[in-house]
Amino acid sequence: MFELTQRGRVAVLQMTHGKANAMDIEFCRALSAQVHACQQSPAGALVITGQGRMFSAGVDLPRLVAGGAAYVHQSCRR
């Protein structure tokens with residue numbers, strides 16, 4: 001879902017989750033883990049990028065609709 005590289009003291013996190021980097025539960029959990037790992041590293045900054053011409057399509061709406069209320073509840077948990 002992600003490729004992390006270092007450029008000096010800058011961590012560059014490229015999202016590589018499908019064509020549009022749509023945010024589902026697994027993506028959000030993995031993103032949180034990546035950000036936490038960068039906070040614990042010697043990096044002084046974090047840059048998050050998309051792939052190609054797309055940064056992110058936002059929430060994965062088809063998955064949200066298909067998952068119904070249970071999926072929505074699970075995605076809102078911290």
# chains A, B, ... in the order shown; residues from 1 in each chain; ligands from 1
$ residues_around --residues "Met23 (chain A)" --least-positions-apart "5" --cutoff "12 Å" --atoms "only C-alpha atoms" --output "list of chain:residue names"
A:Met1, A:Met15, A:Thr16, A:His17, A:Gly18, A:Cys28, A:Arg29, A:Ala30, A:Leu31, A:Ser32, A:Phe55, A:Ser56, A:Ala57, A:Gly58, A:Val59, A:Asp60, A:Leu61, A:Pro62, A:Arg63, A:Leu64, A:Ser75
$ select_by_dssp --residues "chain A" --states "alpha helix (DSSP H)" --output "PyMOL selection string"
chain A and resi 25-40+61-76
$ atom_distance --atom1 "CA of Met54 (chain A)" --atom2 "CA of Leu4 (chain A)"
17.6 Å
$ closest_residue --among "A:Phe2, A:Gln74, A:Ala69, A:Val12" --to "Ala43 (chain A)" --atoms "only C-alpha atoms"
A:Val12
$ residues_around --residues "region 45-47 of chain A" --least-positions-apart "4" --cutoff "9 Å" --atoms "only C-alpha atoms" --output "number ranges by chain"
A: 9-14, 35, 38-39
$ write_last_selection --atoms "C-alpha atoms" --output "mmCIF file, in the first residue's frame"
data_model
loop_
_atom_site.group_PDB
_atom_site.id
_atom_site.type_symbol
_atom_site.label_atom_id
_atom_site.label_comp_id
_atom_site.auth_asym_id
_atom_site.auth_seq_id
_atom_site.Cartn_x
_atom_site.Cartn_y
_atom_site.Cartn_z
ATOM 1 C CA ARG A 9 15.946 14.035 6.900
ATOM 2 C CA VAL A 10 12.753 13.925 4.825
ATOM 3 C CA ALA A 11 10.659 10.750 4.752
ATOM 4 C CA VAL A 12 8.668 10.391 1.519
ATOM 5 C CA LEU A 13 5.637 8.103 1.766
ATOM 6 C CA GLN A 14 4.132 7.214 -1.600
ATOM 7 C CA VAL A 35 2.932 7.959 10.203
ATOM 8 C CA CYS A 38 7.976 8.152 10.895
ATOM 9 C CA GLN A 39 7.343 9.972 14.175
#
$ atom_distance --atom1 "CA of Arg53 (chain A)" --atom2 "CA of Ala66 (chain A)"
27.3 Å
$ select_by_dssp --residues "chain A" --states "strand (DSSP E)" --output "list in words"
Phe2, Glu3, Leu4, Thr5, Gln6, Arg7, Val10, Ala11, Val12, Leu13, Gln14, Met15, Ala45, Leu46, Val47, Ile48 and Thr49 of chain A
$ decode --residues "region 63-75 of chain A" --atoms "N, CA, C and O atoms" --output "tab-separated table (two decimals), in the first residue's frame"
chain	number	residue	atom	x	y	z
A	63	ARG	N	-16.96	0.28	-1.38
A	63	ARG	CA	-16.73	-0.63	-0.24
A	63	ARG	C	-17.56	-0.20	0.96
A	63	ARG	O	-18.08	-1.03	1.69
A	64	LEU	N	-17.67	1.09	1.16
A	64	LEU	CA	-18.46	1.62	2.27
A	64	LEU	C	-19.93	1.22	2.12
A	64	LEU	O	-20.55	0.73	3.07
A	65	VAL	N	-20.49	1.38	0.92
A	65	VAL	CA	-21.88	1.02	0.67
A	65	VAL	C	-22.08	-0.48	0.80
A	65	VAL	O	-23.04	-0.94	1.42
A	66	ALA	N	-21.17	-1.27	0.23
A	66	ALA	CA	-21.30	-2.72	0.29
A	66	ALA	C	-21.20	-3.24	1.72
A	66	ALA	O	-21.86	-4.21	2.08
A	67	GLY	N	-20.38	-2.59	2.53
A	67	GLY	CA	-20.18	-3.04	3.91
A	67	GLY	C	-21.29	-2.67	4.86
A	67	GLY	O	-21.43	-3.25	5.93
A	68	GLY	N	-22.08	-1.68	4.48
A	68	GLY	CA	-23.22	-1.28	5.30
A	68	GLY	C	-22.84	-0.66	6.63
A	68	GLY	O	-21.71	-0.21	6.83
A	69	ALA	N	-23.79	-0.69	7.54
A	69	ALA	CA	-23.63	-0.03	8.83
A	69	ALA	C	-22.45	-0.58	9.63
A	69	ALA	O	-21.74	0.16	10.30
A	70	ALA	N	-22.24	-1.88	9.57
A	70	ALA	CA	-21.14	-2.49	10.34
A	70	ALA	C	-19.79	-1.96	9.87
A	70	ALA	O	-18.91	-1.67	10.68
A	71	TYR	N	-19.63	-1.82	8.56
A	71	TYR	CA	-18.38	-1.30	8.01
A	71	TYR	C	-18.20	0.16	8.40
A	71	TYR	O	-17.11	0.58	8.78
A	72	VAL	N	-19.27	0.94	8.33
A	72	VAL	CA	-19.21	2.35	8.70
A	72	VAL	C	-18.82	2.48	10.17
A	72	VAL	O	-17.93	3.26	10.53
A	73	HIS	N	-19.43	1.68	11.03
A	73	HIS	CA	-19.12	1.72	12.45
A	73	HIS	C	-17.65	1.37	12.68
A	73	HIS	O	-16.95	2.03	13.46
A	74	GLN	N	-17.17	0.34	12.00
A	74	GLN	CA	-15.78	-0.10	12.15
A	74	GLN	C	-14.82	0.97	11.63
A	74	GLN	O	-13.76	1.20	12.23
A	75	SER	N	-15.17	1.64	10.57
A	75	SER	CA	-14.28	2.66	9.99
A	75	SER	C	-14.22	3.91	10.84
A	75	SER	O	-13.27	4.68	10.73
